[in-house]
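Engineer: Quick one: the structure is below, and I'll ask about it shortly.
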Amino acid sequence: MKFQGTMNINAKEHLEIGGCDTVELAQQFGTPLYIYDEAKLRKTCQEYYNSFVGKYGNAMVLYASKAFLTTAICRIMEQEGLGLDVVSGGELYTVLRAEFPTERVYFHGNNKTYEELRMALQNDVGRIVVDNFYELELIDSLARELQCIPEILLRITPGVEAHTHEYIKTGQIDSKFGFTLSNGQAMEAIKAAKEKHVAVRGVHCHIGSQIFELDSYVHAVDIMMNFLFDIKRQTGLAIEELNLGGGFGIYYSEGDEPASVEEYADLVMGRVYEKADEYHLLRPRVLVEPGRSIIGPAGSTLYTIGSVKEIPNVRKYVAVDGGMTDNIRPALYQAKYEAIIANKANQDRNDTVSITGKCCESGDMLAWDTKLPEAEAGDLLLMPATGAYGYTMASNYNRLTKPGAILVKDGEAQLILKPETYEDLIRNDVMPDELSKKQPVRLKSIG
Ligand code: LLP
């Protein structure tokens, strides 16, 4: 297993993160628990900032908040000089409540509602990334009503096939997102937008998620720069911003080999500038929108092991007190994770086990055939690299409560998200009047 960030083993043979003993964290905060390594998170933000903005100037890094968002995370992103990508009224509301500078917010989504768009325009978000013709009309009428000129990007589907899981591919032609480039729809959208009550600042594409092949990005840059050239030729419009989306892959388990952020930045920026010069275009401001690669490796989930069931010659199931409710990724995308027993951090991982959750569902698995030391009830299991798309895709299936999250740094742990309580689970339940008085239960006599 690969130790990331500030993880290390202390004298008690316990795993430590951010100088905090994970056994003590479990006692203090309970399990399951999302643990975020603040130093690692900030370091990655700085790597992104320095590689794009520091080195090239005319660039911006937007954190894709769908990966994990709380008000405290907004504040960290603000301090690190990043912008934010939001895709819903709820994400936007969180960002507003955190008093994040709205000019650094980009609003995405393939079916934004009238109310969401209104909320965005009234709060002066930096850019709206327009996805389709319906939305263009909505924005146009809202802009006239509110007497503003929204600054927009148009989302383009470049037709790039990224090698990743089917469900998280987005750049291919058969996609629900964006204006298709190859059939002329994208150019039609640019021409239509020019006539609307908006200012077209740029174009956007996102080819997918958990991508390792940098060539896919180069391919996307080539297609988009060619499009910028066509736009200039056909409409005279000089596109100022090129947003290349997110998708940079991370290490989850053996075989995952991400390049460095700096390599990614140099390749992409180099190619954009090369193409701009070749086409005699303005060098556009380049934006990237990493989500997973910023927050994923900084987060881990801590569980308590309960039942250990061995079926001789078949499989050993190690069950934890969470599962698909706090991390749906193994069930949904066959995502692979590694794990460690946090209170036996020094022991050899010789036992082959499958880690399961506590939901009434056989597919509720966190890992198949992975290696652990001998697991017993009461041990603590830590699963690294769960910082992205864990909590944000969490559910209350089986009325399980969602875990809380903490930030750890220099031996201090701070809560950034309270764990849900049973009371939270019934908070929105409504008992209709006619059911509110308890009636004697009518039992059907049997036989
Ligand atoms: N920008 C746009 C327009 C996106 O749609 C996404 C992700 C990102 C940026 C950030 O991508 P990232 O850097 O995090 O890969 N739930 C899936 C991932 C879905 C990603 C959706 N869009 C998962 O757990 O793998």
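Identifiers in the structure tokens: chain A, B, ... in order shown; residue index from 1 per chain; ligand index from 1 in order shown.
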Within stretch 342-446 of chain A, find each residue whose DSSP state, derived from the backbone, is alpha helix (DSSP H), and express the selection as a PyMOL selection string.

Structural biologist: chain A and resi 422-426+433-436

Engineer: Go ahead and write the residues just picked, C-alpha atoms, as a PDB file, in the first residue's frame.

Structural biologist:
ATOM      1  CA  TYR A 422     -30.743   9.514  13.941  1.00  0.00           C
ATOM      2  CA  GLU A 423     -32.637  12.716  14.588  1.00  0.00           C
ATOM      3  CA  ASP A 424     -31.290  14.108  11.289  1.00  0.00           C
ATOM      4  CA  LEU A 425     -32.738  11.073   9.556  1.00  0.00           C
ATOM      5  CA  ILE A 426     -36.300  11.822  10.602  1.00  0.00           C
ATOM      6  CA  ASP A 433     -52.812  14.421  10.644  1.00  0.00           C
ATOM      7  CA  GLU A 434     -54.936  11.347  10.197  1.00  0.00           C
ATOM      8  CA  LEU A 435     -51.988   9.140  11.098  1.00  0.00           C
ATOM      9  CA  SER A 436     -50.762  11.229  13.978  1.00  0.00           C
TER      10      SER A 436
END

Engineer: If we count only C-alpha atoms and set the cut-off at 12 Å, which residues sit around A:Ala298, ignoring sequence neighbours fewer than 4 positions away in its own chain? Please answer as a PyMOL selection string.

Structural biologist: chain A and resi 3-7+17-18+34-45+67-68+250-252+291-294+383-388+406-409

Engineer: Could you write those residues out with N, CA and C atoms, as an mmCIF file, in the first residue's frame?

Structural biologist:
data_model
loop_
_atom_site.group_PDB
_atom_site.id
_atom_site.type_symbol
_atom_site.label_atom_id
_atom_site.label_comp_id
_atom_site.auth_asym_id
_atom_site.auth_seq_id
_atom_site.Cartn_x
_atom_site.Cartn_y
_atom_site.Cartn_z
ATOM 1 N N PHE A 3 1.661 4.926 1.096
ATOM 2 C CA PHE A 3 1.336 5.964 2.082
ATOM 3 C C PHE A 3 1.375 7.316 1.389
ATOM 4 N N GLN A 4 0.342 8.105 1.576
ATOM 5 C CA GLN A 4 0.305 9.408 0.908
ATOM 6 C C GLN A 4 0.341 10.527 1.940
ATOM 7 N N GLY A 5 0.778 11.683 1.521
ATOM 8 C CA GLY A 5 0.741 12.873 2.381
ATOM 9 C C GLY A 5 1.513 12.675 3.659
ATOM 10 N N THR A 6 0.869 12.992 4.800
ATOM 11 C CA THR A 6 1.573 12.956 6.083
ATOM 12 C C THR A 6 1.352 11.644 6.833
ATOM 13 N N MET A 7 0.908 10.595 6.136
ATOM 14 C CA MET A 7 0.673 9.305 6.812
ATOM 15 C C MET A 7 1.988 8.711 7.290
ATOM 16 N N ILE A 17 -2.121 10.307 10.790
ATOM 17 C CA ILE A 17 -2.277 11.231 9.655
ATOM 18 C C ILE A 17 -2.273 12.641 10.238
ATOM 19 N N GLY A 18 -1.518 13.503 9.613
ATOM 20 C CA GLY A 18 -1.427 14.878 10.105
ATOM 21 C C GLY A 18 -1.002 14.914 11.567
ATOM 22 N N TYR A 34 -14.550 10.475 7.765
ATOM 23 C CA TYR A 34 -13.691 10.939 6.671
ATOM 24 C C TYR A 34 -12.604 11.810 7.297
ATOM 25 N N ILE A 35 -11.354 11.469 6.989
ATOM 26 C CA ILE A 35 -10.222 12.225 7.548
ATOM 27 C C ILE A 35 -9.506 12.937 6.401
ATOM 28 N N TYR A 36 -9.382 14.242 6.489
ATOM 29 C CA TYR A 36 -8.689 15.009 5.441
ATOM 30 C C TYR A 36 -7.370 15.563 5.970
ATOM 31 N N ASP A 37 -6.321 15.277 5.239
ATOM 32 C CA ASP A 37 -4.959 15.689 5.583
ATOM 33 C C ASP A 37 -4.758 17.104 5.003
ATOM 34 N N GLU A 38 -4.838 18.078 5.882
ATOM 35 C CA GLU A 38 -4.852 19.474 5.407
ATOM 36 C C GLU A 38 -3.555 19.857 4.696
ATOM 37 N N ALA A 39 -2.427 19.381 5.219
ATOM 38 C CA ALA A 39 -1.143 19.741 4.596
ATOM 39 C C ALA A 39 -1.066 19.174 3.177
ATOM 40 N N LYS A 40 -1.524 17.924 3.033
ATOM 41 C CA LYS A 40 -1.502 17.294 1.704
ATOM 42 C C LYS A 40 -2.425 18.046 0.742
ATOM 43 N N LEU A 41 -3.605 18.410 1.244
ATOM 44 C CA LEU A 41 -4.571 19.131 0.415
ATOM 45 C C LEU A 41 -3.998 20.463 -0.057
ATOM 46 N N ARG A 42 -3.420 21.202 0.878
ATOM 47 C CA ARG A 42 -2.871 22.515 0.502
ATOM 48 C C ARG A 42 -1.680 22.366 -0.438
ATOM 49 N N LYS A 43 -0.880 21.324 -0.204
ATOM 50 C CA LYS A 43 0.294 21.105 -1.053
ATOM 51 C C LYS A 43 -0.154 20.857 -2.497
ATOM 52 N N THR A 44 -1.207 20.067 -2.660
ATOM 53 C CA THR A 44 -1.673 19.790 -4.027
ATOM 54 C C THR A 44 -2.238 21.056 -4.666
ATOM 55 N N CYS A 45 -2.978 21.833 -3.882
ATOM 56 C CA CYS A 45 -3.501 23.105 -4.415
ATOM 57 C C CYS A 45 -2.336 23.971 -4.892
ATOM 58 N N ALA A 67 -16.420 17.070 -6.136
ATOM 59 C CA ALA A 67 -15.602 16.009 -5.542
ATOM 60 C C ALA A 67 -15.741 15.979 -4.016
ATOM 61 N N PHE A 68 -15.816 17.151 -3.400
ATOM 62 C CA PHE A 68 -16.072 17.257 -1.954
ATOM 63 C C PHE A 68 -16.192 18.737 -1.608
ATOM 64 N N ILE A 250 -5.666 9.746 -10.319
ATOM 65 C CA ILE A 250 -4.895 9.621 -9.070
ATOM 66 C C ILE A 250 -4.584 8.153 -8.782
ATOM 67 N N TYR A 251 -3.704 7.951 -7.808
ATOM 68 C CA TYR A 251 -3.381 6.600 -7.363
ATOM 69 C C TYR A 251 -4.450 6.108 -6.388
ATOM 70 N N TYR A 252 -5.125 5.038 -6.762
ATOM 71 C CA TYR A 252 -6.031 4.344 -5.842
ATOM 72 C C TYR A 252 -5.428 3.013 -5.416
ATOM 73 N N GLY A 291 -10.836 18.054 -9.721
ATOM 74 C CA GLY A 291 -11.609 17.779 -8.509
ATOM 75 C C GLY A 291 -10.914 16.659 -7.751
ATOM 76 N N ARG A 292 -11.023 15.457 -8.323
ATOM 77 C CA ARG A 292 -10.457 14.254 -7.693
ATOM 78 C C ARG A 292 -8.982 14.421 -7.316
ATOM 79 N N SER A 293 -8.183 14.960 -8.262
ATOM 80 C CA SER A 293 -6.740 14.976 -8.016
ATOM 81 C C SER A 293 -6.356 15.975 -6.930
ATOM 82 N N ILE A 294 -7.255 16.915 -6.604
ATOM 83 C CA ILE A 294 -6.946 17.837 -5.510
ATOM 84 C C ILE A 294 -7.350 17.230 -4.165
ATOM 85 N N MET A 383 -9.124 3.272 4.744
ATOM 86 C CA MET A 383 -9.082 3.176 3.289
ATOM 87 C C MET A 383 -8.622 4.533 2.744
ATOM 88 N N PRO A 384 -7.416 4.597 2.182
ATOM 89 C CA PRO A 384 -6.896 5.870 1.678
ATOM 90 C C PRO A 384 -7.516 6.257 0.325
ATOM 91 N N ALA A 385 -7.280 7.485 -0.051
ATOM 92 C CA ALA A 385 -7.674 8.021 -1.375
ATOM 93 C C ALA A 385 -9.187 8.054 -1.585
ATOM 94 N N THR A 386 -9.926 8.214 -0.503
ATOM 95 C CA THR A 386 -11.393 8.265 -0.619
ATOM 96 C C THR A 386 -11.920 9.701 -0.497
ATOM 97 N N GLY A 387 -11.018 10.666 -0.643
ATOM 98 C CA GLY A 387 -11.421 12.062 -0.421
ATOM 99 C C GLY A 387 -12.355 12.633 -1.472
ATOM 100 N N ALA A 388 -12.370 12.027 -2.671
ATOM 101 C CA ALA A 388 -13.218 12.562 -3.739
ATOM 102 C C ALA A 388 -14.380 11.623 -4.015
ATOM 103 N N ILE A 406 -13.262 15.356 9.267
ATOM 104 C CA ILE A 406 -12.352 16.215 10.029
ATOM 105 C C ILE A 406 -11.142 16.589 9.166
ATOM 106 N N LEU A 407 -10.540 17.698 9.561
ATOM 107 C CA LEU A 407 -9.262 18.109 8.972
ATOM 108 C C LEU A 407 -8.208 17.804 10.017
ATOM 109 N N VAL A 408 -7.117 17.167 9.600
ATOM 110 C CA VAL A 408 -6.037 16.944 10.565
ATOM 111 C C VAL A 408 -4.768 17.644 10.085
ATOM 112 N N LYS A 409 -4.065 18.220 11.052
ATOM 113 C CA LYS A 409 -2.819 18.916 10.700
ATOM 114 C C LYS A 409 -2.006 19.171 11.971
#

Engineer: What's around A:Val218 at 8 Å? Count only C-alpha atoms, leave out sequence neighbours fewer than 3 positions away in its own chain, and write the answer as a PyMOL selection string.

Structural biologist: chain A and resi 214-215+221-222+267-268+271

Engineer: For the residues selected in the previous step, produce a file with all heavy atoms as a PDB file, in the first residue's frame.

Structural biologist:
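File written: result08.pdb
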ATOM      1  N   LEU A 214      -1.887  11.398 -20.848  1.00  0.00           N
ATOM      2  CA  LEU A 214      -1.819  12.835 -21.126  1.00  0.00           C
ATOM      3  C   LEU A 214      -2.109  13.128 -22.598  1.00  0.00           C
ATOM      4  O   LEU A 214      -2.537  14.223 -22.941  1.00  0.00           O
ATOM      5  CB  LEU A 214      -0.461  13.395 -20.709  1.00  0.00           C
ATOM      6  CG  LEU A 214      -0.171  13.376 -19.194  1.00  0.00           C
ATOM      7  CD1 LEU A 214       1.194  13.996 -18.903  1.00  0.00           C
ATOM      8  CD2 LEU A 214      -1.238  14.102 -18.401  1.00  0.00           C
ATOM      9  N   ASP A 215      -1.895  12.128 -23.435  1.00  0.00           N
ATOM     10  CA  ASP A 215      -2.178  12.293 -24.866  1.00  0.00           C
ATOM     11  C   ASP A 215      -3.627  12.683 -25.135  1.00  0.00           C
ATOM     12  O   ASP A 215      -3.923  13.391 -26.089  1.00  0.00           O
ATOM     13  CB  ASP A 215      -1.928  10.972 -25.606  1.00  0.00           C
ATOM     14  CG  ASP A 215      -0.458  10.804 -25.910  1.00  0.00           C
ATOM     15  OD1 ASP A 215       0.299  11.739 -25.577  1.00  0.00           O
ATOM     16  OD2 ASP A 215      -0.083   9.756 -26.468  1.00  0.00           O
ATOM     17  N   VAL A 221      -6.776  19.500 -26.720  1.00  0.00           N
ATOM     18  CA  VAL A 221      -6.241  20.847 -26.985  1.00  0.00           C
ATOM     19  C   VAL A 221      -6.210  21.100 -28.492  1.00  0.00           C
ATOM     20  O   VAL A 221      -6.653  22.153 -28.981  1.00  0.00           O
ATOM     21  CB  VAL A 221      -4.821  21.027 -26.384  1.00  0.00           C
ATOM     22  CG1 VAL A 221      -4.158  22.291 -26.923  1.00  0.00           C
ATOM     23  CG2 VAL A 221      -4.872  21.061 -24.870  1.00  0.00           C
ATOM     24  N   ASP A 222      -5.722  20.136 -29.240  1.00  0.00           N
ATOM     25  CA  ASP A 222      -5.622  20.299 -30.693  1.00  0.00           C
ATOM     26  C   ASP A 222      -6.992  20.600 -31.300  1.00  0.00           C
ATOM     27  O   ASP A 222      -7.146  21.510 -32.117  1.00  0.00           O
ATOM     28  CB  ASP A 222      -5.044  19.035 -31.344  1.00  0.00           C
ATOM     29  CG  ASP A 222      -3.551  18.903 -31.079  1.00  0.00           C
ATOM     30  OD1 ASP A 222      -2.987  19.832 -30.472  1.00  0.00           O
ATOM     31  OD2 ASP A 222      -2.960  17.876 -31.462  1.00  0.00           O
ATOM     32  N   LEU A 267       2.688  20.228 -20.492  1.00  0.00           N
ATOM     33  CA  LEU A 267       2.255  19.644 -21.754  1.00  0.00           C
ATOM     34  C   LEU A 267       1.078  20.414 -22.347  1.00  0.00           C
ATOM     35  O   LEU A 267       1.075  20.793 -23.519  1.00  0.00           O
ATOM     36  CB  LEU A 267       1.852  18.183 -21.506  1.00  0.00           C
ATOM     37  CG  LEU A 267       1.788  17.331 -22.748  1.00  0.00           C
ATOM     38  CD1 LEU A 267       3.187  17.044 -23.261  1.00  0.00           C
ATOM     39  CD2 LEU A 267       1.080  16.018 -22.433  1.00  0.00           C
ATOM     40  N   VAL A 268       0.090  20.658 -21.496  1.00  0.00           N
ATOM     41  CA  VAL A 268      -1.130  21.325 -21.953  1.00  0.00           C
ATOM     42  C   VAL A 268      -0.850  22.781 -22.341  1.00  0.00           C
ATOM     43  O   VAL A 268      -1.235  23.236 -23.420  1.00  0.00           O
ATOM     44  CB  VAL A 268      -2.193  21.236 -20.826  1.00  0.00           C
ATOM     45  CG1 VAL A 268      -3.278  22.251 -21.021  1.00  0.00           C
ATOM     46  CG2 VAL A 268      -2.787  19.833 -20.781  1.00  0.00           C
ATOM     47  N   ARG A 271       1.238  23.078 -25.502  1.00  0.00           N
ATOM     48  CA  ARG A 271       0.481  22.771 -26.717  1.00  0.00           C
ATOM     49  C   ARG A 271      -0.478  23.906 -27.082  1.00  0.00           C
ATOM     50  O   ARG A 271      -0.621  24.259 -28.256  1.00  0.00           O
ATOM     51  CB  ARG A 271      -0.297  21.470 -26.498  1.00  0.00           C
ATOM     52  CG  ARG A 271      -0.884  20.899 -27.751  1.00  0.00           C
ATOM     53  CD  ARG A 271       0.213  20.432 -28.705  1.00  0.00           C
ATOM     54  NE  ARG A 271      -0.316  19.546 -29.720  1.00  0.00           N
ATOM     55  CZ  ARG A 271       0.384  18.646 -30.373  1.00  0.00           C
ATOM     56  NH1 ARG A 271       1.678  18.515 -30.131  1.00  0.00           N
ATOM     57  NH2 ARG A 271      -0.178  17.886 -31.280  1.00  0.00           N
TER      58      ARG A 271
END

Engineer: As a VMD selection string, please: every protein or nucleic acid residue near ligand 1 (cut-off 6 Å, counting only C-alpha atoms and all ligand atoms).

Structural biologist: chain A and resid 64 67 168 206 209 to 210 245 to 248 289 to 293 329 389

Engineer: Contacts of A:Gly184 at 12 Å or less, counting only C-alpha atoms, minus same-chain residues fewer than 4 places along, as a VMD selection string?

Structural biologist: chain A and resid 156 to 158 179 to 180 188 to 191 227 230 to 231

Engineer: With N, CA and C atoms retained, write the just-selected residues as a short mmCIF file (atom, residue, chain, number, x, y, z; two decimals), in the first residue's frame.

Structural biologist:
data_model
loop_
_atom_site.label_atom_id
_atom_site.label_comp_id
_atom_site.auth_asym_id
_atom_site.auth_seq_id
_atom_site.Cartn_x
_atom_site.Cartn_y
_atom_site.Cartn_z
N ILE A 156 -18.33 22.50 -25.09
CA ILE A 156 -18.20 21.81 -26.38
C ILE A 156 -17.89 20.33 -26.13
N THR A 157 -18.50 19.48 -26.94
CA THR A 157 -18.16 18.05 -26.88
C THR A 157 -17.17 17.79 -28.01
N PRO A 158 -15.89 17.62 -27.65
CA PRO A 158 -14.87 17.59 -28.70
C PRO A 158 -14.76 16.28 -29.47
N PHE A 179 -22.33 21.13 -26.62
CA PHE A 179 -22.63 21.28 -28.05
C PHE A 179 -21.65 20.43 -28.84
N THR A 180 -22.18 19.61 -29.72
CA THR A 180 -21.31 18.71 -30.49
C THR A 180 -20.52 19.50 -31.52
N GLU A 188 -22.67 26.69 -34.57
CA GLU A 188 -24.02 27.27 -34.59
C GLU A 188 -24.30 27.96 -33.24
N ALA A 189 -23.87 27.31 -32.16
CA ALA A 189 -24.08 27.86 -30.82
C ALA A 189 -23.30 29.17 -30.63
N ILE A 190 -22.07 29.20 -31.13
CA ILE A 190 -21.25 30.42 -31.02
C ILE A 190 -21.96 31.56 -31.76
N LYS A 191 -22.45 31.25 -32.94
CA LYS A 191 -23.09 32.30 -33.75
C LYS A 191 -24.37 32.76 -33.07
N PHE A 227 -10.80 24.70 -33.26
CA PHE A 227 -12.13 25.30 -33.18
C PHE A 227 -12.00 26.83 -32.97
N ASP A 230 -11.31 28.32 -36.22
CA ASP A 230 -12.52 28.37 -37.05
C ASP A 230 -13.46 29.50 -36.62
N ILE A 231 -13.57 29.66 -35.29
CA ILE A 231 -14.45 30.72 -34.77
C ILE A 231 -13.96 32.08 -35.27
#

Engineer: Can you tell me, as an NGL selection string, what residues are no more than 12 Å from stretch 136-152 of chain A when counting only C-alpha atoms, ignoring any on the same chain fewer than 5 positions away?

Structural biologist: :A and (103 or 105-108 or 110-131 or 178-179 or 188-204 or 239-243)

Engineer: Using only C-alpha atoms, which of A:Ala319, A:Cys359, A:Cys74, A:Met224 sits nearest A:Thr102?

Structural biologist: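 Among the listed residues, the smallest separation from A:Thr102 belongs to A:Cys74.
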
Engineer: If you count only C-alpha atoms, which residues fall within 10 Å of A:Asn50, apart from same-chain ones fewer than 6 positions away, as a list of chain:residue names?

Structural biologist: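 Near A:Asn50, the qualifying residues are A:Thr44, A:Tyr56, A:Gly57, A:Val61, A:Val261, A:Glu262, A:Ala265.
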
Engineer: Counting only C-alpha atoms, what is within 8 Å of A:Glu376, bar same-chain residues fewer than 4 positions away, as an MDAnalysis selection string?

Structural biologist: chainID A and resid 305:308

Engineer: Can I get the selected residues back with C-alpha atoms, as an mmCIF file, in the first residue's frame?

Structural biologist:
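Done, and the output landed in out_16.cif:
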data_model
loop_
_atom_site.group_PDB
_atom_site.id
_atom_site.type_symbol
_atom_site.label_atom_id
_atom_site.label_comp_id
_atom_site.auth_asym_id
_atom_site.auth_seq_id
_atom_site.Cartn_x
_atom_site.Cartn_y
_atom_site.Cartn_z
ATOM 1 C CA ILE A 305 -14.347 -3.812 11.718
ATOM 2 C CA GLY A 306 -17.156 -5.981 13.078
ATOM 3 C CA SER A 307 -17.941 -9.380 11.654
ATOM 4 C CA VAL A 308 -15.226 -11.460 10.003
#

Engineer: Which one of A:Val272, A:Arg315, A:Lys176, A:Gly255 sits closest to A:Tyr217 if you count only C-alpha atoms?

Structural biologist: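 Of all the options, A:Val272 lies closest to A:Tyr217.
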
Engineer: Would you list, as JSON, numbers by chain, the residues of stretch 105-304 of chain A that end up in strand (DSSP E or B) under DSSP run on this structure's backbone?

Structural biologist: {"A": [105, 106, 107, 127, 128, 129, 130, 151, 152, 153, 154, 155, 156, 157, 169, 179, 180, 199, 200, 201, 202, 203, 204, 208, 211, 241, 242, 243, 248, 285, 286, 287, 288, 299, 300, 301, 302, 303, 304]}

Engineer: Could you tell me how far atom CA of A:Val23 sits from atom CA of A:Glu412, in Å to one decimal place?

Structural biologist: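 Interatomic distance here is 13.9 Å.
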
Engineer: Pick the closest to A:Arg285 from A:Gly83, A:Glu310, A:Leu244, A:Arg97: which is it, counting only C-alpha atoms?

Structural biologist: A:Leu244

Engineer: For atom CA of A:Glu80 and atom CA of A:Gln46, quote the distance in Å rounded to one decimal.

Structural biologist: 6.7 Å

Engineer: Between A:Leu380, A:Met77, A:Leu84, A:Met269, which is the closest to A:Lys55 once you count only C-alpha atoms?

Structural biologist: A:Met269

Engineer: Given only C-alpha atoms as the basis, pick out the residue of A:Leu400, A:Leu92, A:Ile340, A:Met365 nearest to A:Leu15.

Structural biologist: A:Ile340

Engineer: Which one of A:Gln79, A:Gln439, A:Ser300, A:Ser65 sits closest to A:Asp326 if you count only C-alpha atoms?

Structural biologist: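 Checking each of A:Gln79, A:Gln439, A:Ser300, A:Ser65 against A:Asp326, counting only C-alpha atoms, the winner is A:Ser300.
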